[in-house]
Structures are given as C-alpha cells and as structure tokens.
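Next up, my_file_4.json (JSON, C-alpha atoms (C1' of nucleotides)):
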```json
[["chain", "number", "residue", "atom", "x", "y", "z"],
["A", 235, "MET", "CA", -13.56, 21.32, -28.70],
["A", 236, "ARG", "CA", -13.64, 17.68, -29.59],
["A", 237, "ILE", "CA", -11.64, 14.88, -28.11],
["A", 238, "GLY", "CA", -8.99, 14.80, -30.80],
["A", 239, "GLU", "CA", -8.30, 18.50, -30.40],
["A", 240, "LEU", "CA", -8.02, 18.26, -26.68],
["A", 241, "ALA", "CA", -5.76, 15.26, -27.04],
["A", 242, "ALA", "CA", -3.49, 17.22, -29.34],
["A", 243, "ALA", "CA", -3.63, 20.32, -27.17],
["A", 244, "SER", "CA", -2.94, 18.50, -23.93],
["A", 245, "GLY", "CA", -0.66, 15.74, -25.10],
["A", 246, "VAL", "CA", -2.91, 13.13, -23.54],
["A", 247, "SER", "CA", -4.32, 10.28, -25.62],
["A", 248, "ALA", "CA", -7.98, 10.27, -26.54],
["A", 249, "ARG", "CA", -8.22, 6.92, -24.83],
["A", 250, "ALA", "CA", -7.00, 8.43, -21.58],
["A", 251, "LEU", "CA", -9.44, 11.31, -21.88],
["A", 252, "ARG", "CA", -12.30, 8.85, -22.22],
["A", 253, "HIS", "CA", -10.88, 7.02, -19.26],
["A", 254, "TYR", "CA", -10.95, 10.22, -17.23],
["A", 255, "GLU", "CA", -14.57, 10.63, -18.09],
["A", 256, "GLU", "CA", -15.31, 7.06, -17.00],
["A", 257, "GLN", "CA", -13.57, 7.83, -13.74],
["A", 258, "GLY", "CA", -15.58, 10.99, -13.36],
["A", 259, "VAL", "CA", -12.67, 13.44, -13.23],
["A", 260, "LEU", "CA", -13.47, 15.12, -16.52],
["A", 261, "THR", "CA", -17.04, 15.60, -17.67],
["A", 262, "PRO", "CA", -17.33, 17.12, -21.13],
["A", 263, "GLY", "CA", -20.63, 18.15, -22.62],
["A", 264, "ARG", "CA", -22.01, 16.49, -25.68],
["A", 265, "THR", "CA", -22.84, 17.78, -29.11],
["A", 266, "ARG", "CA", -26.18, 16.81, -30.58],
["A", 267, "ALA", "CA", -24.43, 14.07, -32.45],
["A", 268, "GLY", "CA", -23.06, 12.69, -29.21],
["A", 269, "TYR", "CA", -19.49, 13.87, -29.61],
["A", 270, "ARG", "CA", -17.68, 14.87, -26.46],
["A", 271, "ASP", "CA", -17.54, 18.65, -26.29],
["A", 272, "TYR", "CA", -14.73, 20.02, -24.15],
["A", 273, "ALA", "CA", -14.36, 23.55, -22.88],
["A", 274, "ALA", "CA", -11.22, 25.51, -23.59],
["A", 275, "SER", "CA", -10.49, 25.50, -19.89],
["A", 276, "ASP", "CA", -10.29, 21.72, -19.97],
["A", 277, "VAL", "CA", -6.77, 21.96, -21.34],
["A", 278, "VAL", "CA", -5.71, 23.34, -17.98],
["A", 279, "ARG", "CA", -7.96, 20.89, -16.23],
["A", 280, "VAL", "CA", -6.25, 17.97, -17.89],
["A", 281, "ARG", "CA", -2.88, 19.36, -16.92],
["A", 282, "GLN", "CA", -4.00, 19.57, -13.31],
["A", 283, "ILE", "CA", -5.24, 16.02, -13.43],
["A", 284, "ARG", "CA", -2.01, 14.80, -14.96],
["A", 285, "THR", "CA", -0.01, 16.58, -12.34],
["A", 286, "MET", "CA", -1.94, 14.94, -9.56],
["A", 287, "ILE", "CA", -1.74, 11.51, -11.15],
["A", 288, "ALA", "CA", 1.98, 12.03, -11.65],
["A", 289, "ALA", "CA", 2.20, 12.83, -7.96],
["A", 290, "GLY", "CA", 0.57, 9.51, -7.18],
["A", 291, "VAL", "CA", -2.95, 10.70, -6.50],
["A", 292, "GLY", "CA", -5.47, 8.20, -7.82],
["A", 293, "THR", "CA", -8.37, 9.20, -10.01],
["A", 294, "ALA", "CA", -10.85, 8.20, -7.32],
["A", 295, "THR", "CA", -9.26, 10.69, -4.96],
["A", 296, "ILE", "CA", -9.04, 13.38, -7.60],
["A", 297, "ARG", "CA", -12.72, 13.00, -8.26],
["A", 298, "ARG", "CA", -13.53, 13.54, -4.63],
["A", 299, "TYR", "CA", -11.69, 16.85, -4.62],
["A", 300, "LEU", "CA", -12.54, 18.27, -8.01],
["A", 301, "ASP", "CA", -13.86, 21.40, -6.35],
["A", 302, "CYS", "CA", -10.43, 22.00, -4.90],
["A", 303, "LEU", "CA", -8.79, 22.48, -8.28],
["A", 304, "ARG", "CA", -8.10, 26.12, -8.91],
["A", 305, "ASP", "CA", -10.12, 27.49, -11.77],
["A", 306, "GLY", "CA", -7.52, 29.84, -13.13],
["A", 307, "GLY", "CA", -4.10, 28.36, -12.57],
["A", 308, "GLU", "CA", -2.32, 25.12, -12.05],
["A", 309, "GLY", "CA", -2.48, 24.51, -8.35],
["A", 310, "VAL", "CA", -4.82, 23.22, -5.74],
["A", 311, "ALA", "CA", -6.87, 25.25, -3.29],
["A", 312, "LEU", "CA", -5.60, 23.59, -0.15],
["A", 313, "GLU", "CA", -6.78, 26.39, 2.12],
["A", 314, "LEU", "CA", -10.35, 25.50, 1.22],
["A", 315, "CYS", "CA", -9.80, 21.76, 1.42],
["A", 316, "PRO", "CA", -8.20, 20.54, 4.62],
["A", 317, "ASP", "CA", -9.28, 17.00, 3.81],
["A", 318, "LEU", "CA", -7.31, 17.11, 0.63],
["A", 319, "ARG", "CA", -4.28, 18.23, 2.52],
["A", 320, "ALA", "CA", -4.68, 15.28, 4.83],
["A", 321, "GLU", "CA", -5.02, 13.01, 1.84],
["A", 322, "LEU", "CA", -1.84, 14.33, 0.30],
["A", 323, "ASP", "CA", -0.01, 14.02, 3.58],
["A", 324, "GLY", "CA", -1.12, 10.42, 3.77],
["A", 325, "LEU", "CA", 0.12, 9.85, 0.27],
["A", 326, "ALA", "CA", 3.47, 11.29, 1.22],
["A", 327, "GLU", "CA", 3.70, 8.77, 4.01],
["A", 328, "ARG", "CA", 2.88, 5.95, 1.66],
["A", 329, "LEU", "CA", 5.60, 7.14, -0.66],
["A", 330, "THR", "CA", 8.03, 7.11, 2.21],
["A", 331, "ALA", "CA", 6.98, 3.58, 3.06],
["A", 332, "GLN", "CA", 7.50, 2.50, -0.51],
["A", 333, "GLU", "CA", 10.89, 4.07, -0.53],
["A", 334, "ARG", "CA", 11.86, 2.20, 2.60],
["A", 335, "GLU", "CA", 10.67, -1.02, 1.05],
["A", 336, "ILE", "CA", 12.82, -0.46, -1.97],
["A", 337, "GLN", "CA", 15.79, 0.36, 0.16],
["A", 338, "GLY", "CA", 15.23, -2.86, 2.07],
["A", 339, "LYS", "CA", 15.21, -4.78, -1.18],
["A", 340, "ARG", "CA", 18.34, -3.04, -2.24],
["A", 341, "GLN", "CA", 20.10, -4.06, 0.93],
["A", 342, "ARG", "CA", 19.10, -7.69, 0.59],
["A", 343, "LEU", "CA", 20.17, -7.55, -3.00],
["A", 344, "ARG", "CA", 23.55, -6.20, -1.96],
["A", 345, "GLY", "CA", 23.75, -9.08, 0.47],
["A", 346, "LEU", "CA", 23.17, -11.53, -2.34],
["A", 347, "LEU", "CA", 25.69, -9.86, -4.60],
["A", 348, "ALA", "CA", 28.30, -9.64, -1.88],
["A", 349, "GLY", "CA", 28.00, -12.71, 0.27],
["A", 350, "GLY", "CA", 26.42, -14.84, -2.41],
["B", 96, "MET", "CA", 8.50, -33.87, 6.30],
["B", 97, "ARG", "CA", 4.99, -32.79, 5.43],
["B", 98, "ILE", "CA", 3.78, -29.38, 4.42],
["B", 99, "GLY", "CA", 2.53, -28.38, 7.85],
["B", 100, "GLU", "CA", 5.83, -29.21, 9.46],
["B", 101, "LEU", "CA", 7.80, -27.27, 6.90],
["B", 102, "ALA", "CA", 5.42, -24.38, 7.29],
["B", 103, "ALA", "CA", 6.01, -24.37, 11.02],
["B", 104, "ALA", "CA", 9.75, -24.83, 10.64],
["B", 105, "SER", "CA", 10.17, -22.12, 8.04],
["B", 106, "GLY", "CA", 7.55, -19.66, 9.10],
["B", 107, "VAL", "CA", 6.00, -19.70, 5.65],
["B", 108, "SER", "CA", 2.34, -20.54, 5.17],
["B", 109, "ALA", "CA", 1.35, -23.86, 3.66],
["B", 110, "ARG", "CA", -0.45, -21.87, 1.01],
["B", 111, "ALA", "CA", 2.76, -20.17, 0.02],
["B", 112, "LEU", "CA", 4.63, -23.46, -0.07],
["B", 113, "ARG", "CA", 2.07, -24.83, -2.50],
["B", 114, "HIS", "CA", 2.43, -21.65, -4.47],
["B", 115, "TYR", "CA", 6.18, -22.18, -4.69],
["B", 116, "GLU", "CA", 5.57, -25.64, -6.04],
["B", 117, "GLU", "CA", 3.19, -24.26, -8.65],
["B", 118, "GLN", "CA", 5.86, -21.79, -9.64],
["B", 119, "GLY", "CA", 8.43, -24.55, -9.81],
["B", 120, "VAL", "CA", 10.84, -23.19, -7.24],
["B", 121, "LEU", "CA", 10.27, -25.96, -4.70],
["B", 122, "THR", "CA", 9.58, -29.51, -5.81],
["B", 123, "PRO", "CA", 8.84, -31.85, -2.94],
["B", 124, "GLY", "CA", 8.44, -35.57, -3.40],
["B", 125, "ARG", "CA", 5.18, -37.32, -2.70],
["B", 126, "THR", "CA", 4.21, -40.01, -0.25],
["B", 127, "ARG", "CA", 2.19, -42.92, -1.54],
["B", 128, "ALA", "CA", -0.91, -41.18, -0.29],
["B", 129, "GLY", "CA", -0.07, -38.11, -2.34],
["B", 130, "TYR", "CA", 1.12, -35.91, 0.50],
["B", 131, "ARG", "CA", 3.96, -33.52, -0.28],
["B", 132, "ASP", "CA", 7.17, -34.91, 1.20],
["B", 133, "TYR", "CA", 9.80, -32.28, 1.88],
["B", 134, "ALA", "CA", 13.48, -32.90, 2.62],
["B", 135, "ALA", "CA", 15.06, -31.51, 5.76],
["B", 136, "SER", "CA", 17.23, -29.32, 3.55],
["B", 137, "ASP", "CA", 14.13, -27.62, 2.24],
["B", 138, "VAL", "CA", 13.99, -25.50, 5.35],
["B", 139, "VAL", "CA", 17.12, -23.76, 4.15],
["B", 140, "ARG", "CA", 15.84, -23.83, 0.61],
["B", 141, "VAL", "CA", 12.73, -21.95, 1.61],
["B", 142, "ARG", "CA", 14.80, -19.39, 3.45],
["B", 143, "GLN", "CA", 16.87, -18.81, 0.35],
["B", 144, "ILE", "CA", 13.75, -18.40, -1.73],
["B", 145, "ARG", "CA", 12.29, -15.96, 0.76],
["B", 146, "THR", "CA", 15.46, -13.95, 0.78],
["B", 147, "MET", "CA", 15.45, -13.64, -2.96],
["B", 148, "ILE", "CA", 11.79, -12.74, -3.09],
["B", 149, "ALA", "CA", 12.38, -10.17, -0.38],
["B", 150, "ALA", "CA", 15.13, -8.75, -2.56],
["B", 151, "GLY", "CA", 12.68, -8.36, -5.37],
["B", 152, "VAL", "CA", 13.62, -11.41, -7.42],
["B", 153, "GLY", "CA", 10.55, -12.95, -8.98],
["B", 154, "THR", "CA", 9.73, -16.63, -8.70],
["B", 155, "ALA", "CA", 10.15, -17.05, -12.45],
["B", 156, "THR", "CA", 13.72, -15.81, -12.17],
["B", 157, "ILE", "CA", 14.43, -17.88, -9.10],
["B", 158, "ARG", "CA", 13.29, -20.96, -10.93],
["B", 159, "ARG", "CA", 15.71, -20.31, -13.75],
["B", 160, "TYR", "CA", 18.62, -20.19, -11.34],
["B", 161, "LEU", "CA", 17.76, -22.90, -8.86],
["B", 162, "ASP", "CA", 21.09, -24.56, -9.55],
["B", 163, "CYS", "CA", 22.82, -21.43, -8.32],
["B", 164, "LEU", "CA", 21.49, -21.73, -4.80],
["B", 165, "ARG", "CA", 24.20, -22.94, -2.47],
["B", 166, "ASP", "CA", 23.48, -26.35, -1.07],
["B", 167, "GLY", "CA", 24.94, -25.78, 2.35],
["B", 168, "GLY", "CA", 24.44, -22.20, 3.35],
["B", 169, "GLU", "CA", 22.32, -19.20, 2.70],
["B", 170, "GLY", "CA", 23.89, -17.51, -0.25],
["B", 171, "VAL", "CA", 24.03, -17.78, -3.98],
["B", 172, "ALA", "CA", 26.84, -19.21, -6.07],
["B", 173, "LEU", "CA", 27.43, -16.19, -8.23],
["B", 174, "GLU", "CA", 30.84, -17.33, -9.39],
["B", 175, "LEU", "CA", 29.17, -20.23, -11.18],
["B", 176, "CYS", "CA", 26.31, -18.16, -12.52],
["B", 177, "PRO", "CA", 27.33, -15.00, -14.33],
["B", 178, "ASP", "CA", 23.87, -14.75, -15.81],
["B", 179, "LEU", "CA", 22.38, -14.56, -12.39],
["B", 180, "ARG", "CA", 24.72, -11.77, -11.49],
["B", 181, "ALA", "CA", 23.59, -9.90, -14.57],
["B", 182, "GLU", "CA", 20.00, -10.51, -13.57],
["B", 183, "LEU", "CA", 20.59, -9.14, -10.11],
["B", 184, "ASP", "CA", 22.42, -6.15, -11.50],
["B", 185, "GLY", "CA", 19.46, -5.51, -13.74],
["B", 186, "LEU", "CA", 17.16, -5.74, -10.77],
["B", 187, "ALA", "CA", 19.28, -3.22, -8.91],
["B", 188, "GLU", "CA", 18.85, -0.85, -11.79],
["B", 189, "ARG", "CA", 15.12, -1.34, -11.78],
["B", 190, "LEU", "CA", 15.07, -0.59, -8.08],
["B", 191, "THR", "CA", 16.96, 2.58, -8.75],
["B", 192, "ALA", "CA", 14.46, 3.52, -11.41],
["B", 193, "GLN", "CA", 11.59, 2.88, -9.02],
["B", 194, "GLU", "CA", 13.27, 4.99, -6.43],
["B", 195, "ARG", "CA", 13.63, 7.83, -8.87],
["B", 196, "GLU", "CA", 10.00, 7.52, -9.79],
["B", 197, "ILE", "CA", 8.97, 7.79, -6.18],
["B", 198, "GLN", "CA", 11.20, 10.76, -5.67],
["B", 199, "GLY", "CA", 9.62, 12.38, -8.69],
["B", 200, "LYS", "CA", 6.20, 11.83, -7.21],
["B", 201, "ARG", "CA", 7.37, 13.22, -3.96],
["B", 202, "GLN", "CA", 8.57, 16.38, -5.64],
["B", 203, "ARG", "CA", 5.33, 16.90, -7.48],
["B", 204, "LEU", "CA", 3.51, 16.25, -4.28],
["B", 205, "ARG", "CA", 5.59, 18.87, -2.52],
["B", 206, "GLY", "CA", 4.70, 21.21, -5.34],
["B", 207, "LEU", "CA", 1.02, 20.61, -4.72],
["B", 208, "LEU", "CA", 1.38, 21.04, -0.99],
["B", 209, "ALA", "CA", 3.42, 24.18, -1.32],
["B", 210, "GLY", "CA", 2.17, 26.08, -4.33],
["B", 211, "GLY", "CA", -1.29, 24.59, -4.23],
["C", 101, "DC", "C1'", -13.80, -44.03, 15.15],
["C", 102, "DT", "C1'", -12.92, -39.19, 14.86],
["C", 103, "DA", "C1'", -10.72, -34.98, 14.17],
["C", 104, "DA", "C1'", -7.18, -32.69, 12.14],
["C", 105, "DA", "C1'", -4.26, -32.39, 8.44],
["C", 106, "DC", "C1'", -3.83, -33.07, 3.91],
["C", 107, "DC", "C1'", -5.20, -33.33, -1.13],
["C", 108, "DT", "C1'", -7.25, -31.15, -5.66],
["C", 109, "DT", "C1'", -9.02, -27.36, -8.92],
["C", 110, "DC", "C1'", -10.96, -23.08, -9.90],
["C", 111, "DA", "C1'", -10.61, -18.47, -9.30],
["C", 112, "DC", "C1'", -11.18, -13.84, -7.44],
["C", 113, "DG", "C1'", -8.96, -9.81, -4.80],
["C", 114, "DC", "C1'", -5.18, -6.60, -4.13],
["C", 115, "DC", "C1'", -3.39, -1.91, -6.60],
["C", 116, "DC", "C1'", -4.20, 1.10, -10.85],
["C", 117, "DA", "C1'", -3.75, 3.93, -15.03],
["C", 118, "DT", "C1'", -3.58, 3.00, -19.43],
["C", 119, "DG", "C1'", -3.06, 0.37, -23.92],
["C", 120, "DT", "C1'", -5.13, -2.47, -27.05],
["C", 121, "DG", "C1'", -8.45, -4.52, -29.86],
["C", 122, "DA", "C1'", -12.64, -6.02, -31.67],
["C", 123, "DA", "C1'", -16.94, -4.99, -33.68],
["C", 124, "DG", "C1'", -20.29, -2.28, -35.46],
["C", 125, "DG", "C1'", -22.08, 2.11, -36.48],
["C", 126, "DT", "C1'", -22.50, 7.48, -37.01],
["C", 127, "DC", "C1'", -20.96, 12.06, -38.27],
["C", 128, "DA", "C1'", -18.37, 15.95, -40.37],
["C", 129, "DA", "C1'", -15.40, 18.05, -43.60],
["C", 130, "DG", "C1'", -13.63, 18.53, -48.25],
["D", 230, "DC", "C1'", -19.37, 10.49, -51.76],
["D", 231, "DT", "C1'", -15.40, 9.33, -49.30],
["D", 232, "DT", "C1'", -12.57, 9.27, -45.57],
["D", 233, "DG", "C1'", -11.20, 10.05, -41.19],
["D", 234, "DA", "C1'", -12.61, 11.18, -36.71],
["D", 235, "DC", "C1'", -15.75, 9.92, -33.59],
["D", 236, "DC", "C1'", -19.17, 7.00, -30.92],
["D", 237, "DT", "C1'", -20.37, 2.66, -27.99],
["D", 238, "DT", "C1'", -19.50, -1.67, -25.03],
["D", 239, "DC", "C1'", -16.98, -5.53, -23.61],
["D", 240, "DA", "C1'", -12.95, -7.03, -21.89],
["D", 241, "DC", "C1'", -8.23, -8.55, -21.40],
["D", 242, "DA", "C1'", -3.11, -7.40, -20.31],
["D", 243, "DT", "C1'", 0.33, -5.28, -17.33],
["D", 244, "DG", "C1'", 3.26, -6.37, -12.44],
["D", 245, "DG", "C1'", 3.04, -10.41, -8.93],
["D", 246, "DG", "C1'", 3.10, -12.90, -4.52],
["D", 247, "DC", "C1'", 0.34, -14.32, -1.99],
["D", 248, "DG", "C1'", -4.58, -14.63, 0.88],
["D", 249, "DT", "C1'", -8.76, -16.66, 0.76],
["D", 250, "DG", "C1'", -12.64, -19.56, -0.04],
["D", 251, "DA", "C1'", -15.42, -23.04, -1.92],
["D", 252, "DA", "C1'", -16.23, -27.80, -2.43],
["D", 253, "DG", "C1'", -15.46, -32.33, -2.13],
["D", 254, "DG", "C1'", -12.54, -36.13, -0.94],
["D", 255, "DT", "C1'", -8.61, -38.95, 1.44],
["D", 256, "DT", "C1'", -5.23, -40.00, 5.02],
["D", 257, "DT", "C1'", -3.09, -40.18, 9.39],
["D", 258, "DA", "C1'", -2.59, -39.95, 14.23],
["D", 259, "DG", "C1'", -4.37, -40.92, 18.68]]
```

Go ahead and render the structure in this file as structure tokens.
Amino acid sequence: MRIGELAAASGVSARALRHYEEQGVLTPGRTRAGYRDYAASDVVRVRQIRTMIAAGVGTATIRRYLDCLRDGGEGVALELCPDLRAELDGLAERLTAQEREIQGKRQRLRGLLAGG
Amino acid sequence: MRIGELAAASGVSARALRHYEEQGVLTPGRTRAGYRDYAASDVVRVRQIRTMIAAGVGTATIRRYLDCLRDGGEGVALELCPDLRAELDGLAERLTAQEREIQGKRQRLRGLLAGG
DNA sequence: CTAAACCTTCACGCCCATGTGAAGGTCAAG
DNA sequence: CTTGACCTTCACATGGGCGTGAAGGTTTAG
C-alpha cells in the first residue's frame, strides 16, 4: 500500500503520514523504487495515532509507547504499560490546568466587560 | 520615573516593559541621556495592560484600543468603544472554543484510560 | 572613581502538529 | 510517451508573551 492509498483510506494527508514517519511513530517499508510501502494494518495504526494525538498525546510520547498499541483493535494495552498510564494521568492534569487557566481568563474578561 | 522604578512599582520585569514598548502599548518619554522616562500614571497603565493580557487580549489588540483605557481607574471605557466590546466578545467565544477542545481531549483521554 | 543601572540590536527557546512551497528528480500505469 | 503519483531536503508559518543571553557602550548615583 502506497502513501496515497493510505491517505485515502485513513483520511490523513500524505504530508501528515510523512510527518509521522519523521517522528518515528509510523515506519513503513520501502519498495525497491523507494516508495513508502504500508501494511494493511497501518490503517488501524494511523487511527490509533490520530486518537492519541486528538487526546493531546504528543508524537514523542506516542513513539515511546508504540509497543503499547493493541495490534488488533483500537485501544491501548494499559495493563502492560503502567508508565503509559502515568503519562496519560499526567496529561489529564495538564488539561485540567489549562482549563483552569481559561476559566481564569474568562473571569477577568467578564470583569472587563462588566466593570469596564 | 525610570524603567527599574516602574518595574519595582508595578511588579513587571524591565524586560517586559521594554517588550510593551516594542509592541507599542506603552510609550515612555526619553531623558536626554536616552533613558526611558515613565509617567507616574504608567503604574496604573501597566496594571491595565496586565489585566487585559491576563484576560487573553493580545498586545496587538491592546494597542489598537489604547484610547479606550480609562485614565483614572482600572477599567475600560466600553461605552466609547463598541469595537472593543465586539473584540472582547469574540475573545470570549474563542475561549469557549478552547474549552470545548480541551473537554474533547479529556473525553478521548478517558476513552483511552478506560477502554484501552 | 566605581558600581549599578541603563541603553541598543540580534535572536533563540518555549510548545507542537501540520500546511505550504520550492526545486529537482524518479517511477508506474494506461 | 505522458501524466500523475511519488521521492528528497530545506525551511518557514502558525499562536504569542515573555525569558534569556551576548556584546558592547553610556549614564547616574554615591
């Protein structure tokens, strides 16, 4: 499977797929001509990656826990990867912090709109 | 008043005060020697700027509405600046959007932590 | 006189996934 | 053969308010 096919099949741009390779989260083989050669299972792989990115997990972190991605289905094998769980917990905290920051801004903004 | 004094009086670093000048939101005079010469009222001015920044208003926006900062007190003269109100409303929306994004991430993260 | 405070410009680092574009060249399918 | 899909590298833009440092020079206060 070449990059264009995977792009079409996964809904992710070819540029992004190359980016994932640069980041080491997706490592296709190569044809003799040098074309990226993706496995059929990479469609699922890409979906997993997208899910994690959409959850706020950076590619650097994803790379570190590639072995924790379930081969068959969508999810993550947390029971085998306590470190990953810790990572995700930490991320959740950061999200909470960001949320608080936004709420703080909102309050100050309300102050400006009201008392201003 | 020189930059160090204003920094001490306002609790803002000299570096930041220079930054504000670069961004055009604070325009001190100059002594003959070339030192920045701030007015006493700039202490309040800086506080207003900080408040707006803390609310998420960018320096570029602040610069556009400098005339809308109240001379005496803390607030903003919204009644004279309908455009500023619109700007702040827009910012509020963006904050809401950011909040939704974070909540989306949080949900996906929960999905990973639960079903993973 | 000396030390501290000030001045300037230039510029990278943070945080990060992607888009974009250029520029030049190769390969595969019809 | 032609065309479109692919390859490479280099690199900048986005959102932004700072921190930081270098490097060299001037001013003011005591």

>> Residues near DC112 (chain C), anyone? I mean within 12 Å using all atoms listed in the file, not counting same-chain ones fewer than 6 positions away, as a list in words.
In response: DG248, DT249, DG250 and DA251 of chain D

>> Could you tell me which residues of chain B sit within 9 Å of chain D when counting all atoms listed in the file, and give me the result as a PyMOL selection string?
In response: chain B and resi 110-111+114+128+130+148+153-154

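From CA of Leu260 (chain A) back to C1' of DT120 (chain C), the distance works out to 22.1 Å.
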
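For the choices A:Ala294, A:Leu322, A:Ala289, A:Leu303, the atom-to-atom distance to chain B is smallest for A:Ala289 when using all atoms listed in the file.
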
Hey, which bits of chain A sit within 12 Å of chain B, and for each residue what's the closest pair of atoms and how far apart in Å (one decimal), counting all atoms listed in the file, rows by chain and increasing number, as a tab-separated table?
```
residue	atom	partner	partner_atom	distance
A:Gln282	CA	B:Leu207	CA	10.0
A:Ile283	CA	B:Leu207	CA	11.7
A:Arg284	CA	B:Arg203	CA	10.7
A:Thr285	CA	B:Arg203	CA	7.2
A:Met286	CA	B:Leu204	CA	7.7
A:Ile287	CA	B:Lys200	CA	8.9
A:Ala288	CA	B:Lys200	CA	6.1
A:Ala289	CA	B:Lys200	CA	4.2
A:Gly290	CA	B:Lys200	CA	6.1
A:Val291	CA	B:Leu204	CA	8.8
A:Cys302	CA	B:Gly211	CA	9.5
A:Leu303	CA	B:Gly211	CA	8.8
A:Arg304	CA	B:Gly211	CA	8.4
A:Asp305	CA	B:Gly211	CA	12.0
A:Gly307	CA	B:Gly211	CA	9.6
A:Glu308	CA	B:Gly211	CA	7.9
A:Gly309	CA	B:Gly211	CA	4.3
A:Val310	CA	B:Gly211	CA	4.1
A:Ala311	CA	B:Gly211	CA	5.7
A:Leu312	CA	B:Gly211	CA	6.0
A:Glu313	CA	B:Gly211	CA	8.6
A:Leu314	CA	B:Gly211	CA	10.6
A:Cys315	CA	B:Gly211	CA	10.6
A:Pro316	CA	B:Leu208	CA	11.1
A:Leu318	CA	B:Leu208	CA	9.7
A:Arg319	CA	B:Leu208	CA	7.2
A:Ala320	CA	B:Leu208	CA	10.2
A:Glu321	CA	B:Leu208	CA	10.7
A:Leu322	CA	B:Leu204	CA	7.3
A:Asp323	CA	B:Leu208	CA	8.5
A:Gly324	CA	B:Leu204	CA	11.0
A:Leu325	CA	B:Leu204	CA	8.6
A:Ala326	CA	B:Arg201	CA	6.8
A:Glu327	CA	B:Arg201	CA	9.8
A:Arg328	CA	B:Ile197	CA	10.1
A:Leu329	CA	B:Ile197	CA	6.5
A:Thr330	CA	B:Ile197	CA	8.5
A:Ala331	CA	B:Ile197	CA	10.3
A:Gln332	CA	B:Ile197	CA	7.9
A:Glu333	CA	B:Glu194	CA	6.4
A:Arg334	CA	B:Glu194	CA	9.6
A:Glu335	CA	B:Ala149	CA	9.4
A:Ile336	CA	B:Leu190	CA	6.5
A:Gln337	CA	B:Leu190	CA	8.3
A:Gly338	CA	B:Ala150	CA	7.5
A:Lys339	CA	B:Ala150	CA	4.2
A:Arg340	CA	B:Ala150	CA	6.6
A:Gln341	CA	B:Ala150	CA	7.7
A:Arg342	CA	B:Ala150	CA	5.2
A:Leu343	CA	B:Ala150	CA	5.2
A:Arg344	CA	B:Ala187	CA	8.7
A:Gly345	CA	B:Gly170	CA	8.5
A:Leu346	CA	B:Gly170	CA	6.4
A:Leu347	CA	B:Arg180	CA	7.2
A:Ala348	CA	B:Leu173	CA	9.2
A:Gly349	CA	B:Gly170	CA	6.3
A:Gly350	CA	B:Val171	CA	4.1
```

>> Quick check: residues of chain C within 12 Å of chain B, all atoms listed in the file, returned as an NGL selection string.
In response: :C and (104-108)

Let's have the selection written as a PDB file, in the coordinates of the input, with C-alpha atoms (C1' of nucleotides).
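Wrote result.pdb, looks like this:
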```pdb
ATOM      1  C1'  DA C 104      -7.180 -32.690  12.140  1.00  0.00           C
ATOM      2  C1'  DA C 105      -4.260 -32.390   8.440  1.00  0.00           C
ATOM      3  C1'  DC C 106      -3.830 -33.070   3.910  1.00  0.00           C
ATOM      4  C1'  DC C 107      -5.200 -33.330  -1.130  1.00  0.00           C
ATOM      5  C1'  DT C 108      -7.250 -31.150  -5.660  1.00  0.00           C
TER       6       DT C 108
END
```

Is there a way to complete region 248-262 of chain A with N, CA and C atoms and then write that out as an mmCIF file, keeping the file's coordinate frame?
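Saved to out23.cif:
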```
data_model
loop_
_atom_site.group_PDB
_atom_site.id
_atom_site.type_symbol
_atom_site.label_atom_id
_atom_site.label_comp_id
_atom_site.auth_asym_id
_atom_site.auth_seq_id
_atom_site.Cartn_x
_atom_site.Cartn_y
_atom_site.Cartn_z
ATOM 1 N N ALA A 248 -6.524 10.242 -26.574
ATOM 2 C CA ALA A 248 -7.980 10.270 -26.540
ATOM 3 C C ALA A 248 -8.491 9.157 -25.628
ATOM 4 N N ARG A 249 -7.816 8.036 -25.675
ATOM 5 C CA ARG A 249 -8.220 6.920 -24.830
ATOM 6 C C ARG A 249 -8.176 7.301 -23.357
ATOM 7 N N ALA A 250 -7.139 8.012 -22.978
ATOM 8 C CA ALA A 250 -7.000 8.430 -21.580
ATOM 9 C C ALA A 250 -8.091 9.438 -21.228
ATOM 10 N N LEU A 251 -8.400 10.317 -22.149
ATOM 11 C CA LEU A 251 -9.440 11.310 -21.880
ATOM 12 C C LEU A 251 -10.787 10.621 -21.663
ATOM 13 N N ARG A 252 -11.057 9.598 -22.443
ATOM 14 C CA ARG A 252 -12.300 8.850 -22.220
ATOM 15 C C ARG A 252 -12.231 8.156 -20.858
ATOM 16 N N HIS A 253 -11.086 7.657 -20.561
ATOM 17 C CA HIS A 253 -10.880 7.020 -19.260
ATOM 18 C C HIS A 253 -11.178 8.015 -18.130
ATOM 19 N N TYR A 254 -10.711 9.208 -18.265
ATOM 20 C CA TYR A 254 -10.950 10.220 -17.230
ATOM 21 C C TYR A 254 -12.452 10.483 -17.080
ATOM 22 N N GLU A 255 -13.137 10.442 -18.185
ATOM 23 C CA GLU A 255 -14.570 10.630 -18.090
ATOM 24 C C GLU A 255 -15.219 9.453 -17.346
ATOM 25 N N GLU A 256 -14.797 8.249 -17.704
ATOM 26 C CA GLU A 256 -15.310 7.060 -17.000
ATOM 27 C C GLU A 256 -15.084 7.188 -15.494
ATOM 28 N N GLN A 257 -13.930 7.709 -15.143
ATOM 29 C CA GLN A 257 -13.570 7.830 -13.740
ATOM 30 C C GLN A 257 -14.218 9.052 -13.092
ATOM 31 N N GLY A 258 -14.856 9.855 -13.904
ATOM 32 C CA GLY A 258 -15.580 10.990 -13.360
ATOM 33 C C GLY A 258 -14.706 12.179 -12.973
ATOM 34 N N VAL A 259 -13.518 12.294 -13.553
ATOM 35 C CA VAL A 259 -12.670 13.440 -13.230
ATOM 36 C C VAL A 259 -12.723 14.513 -14.315
ATOM 37 N N LEU A 260 -13.352 14.178 -15.411
ATOM 38 C CA LEU A 260 -13.470 15.120 -16.520
ATOM 39 C C LEU A 260 -14.813 14.841 -17.161
ATOM 40 N N THR A 261 -15.679 15.866 -17.197
ATOM 41 C CA THR A 261 -17.040 15.600 -17.670
ATOM 42 C C THR A 261 -17.421 16.573 -18.763
ATOM 43 N N PRO A 262 -17.033 16.246 -19.985
ATOM 44 C CA PRO A 262 -17.330 17.120 -21.130
ATOM 45 C C PRO A 262 -18.816 17.106 -21.427
#
```
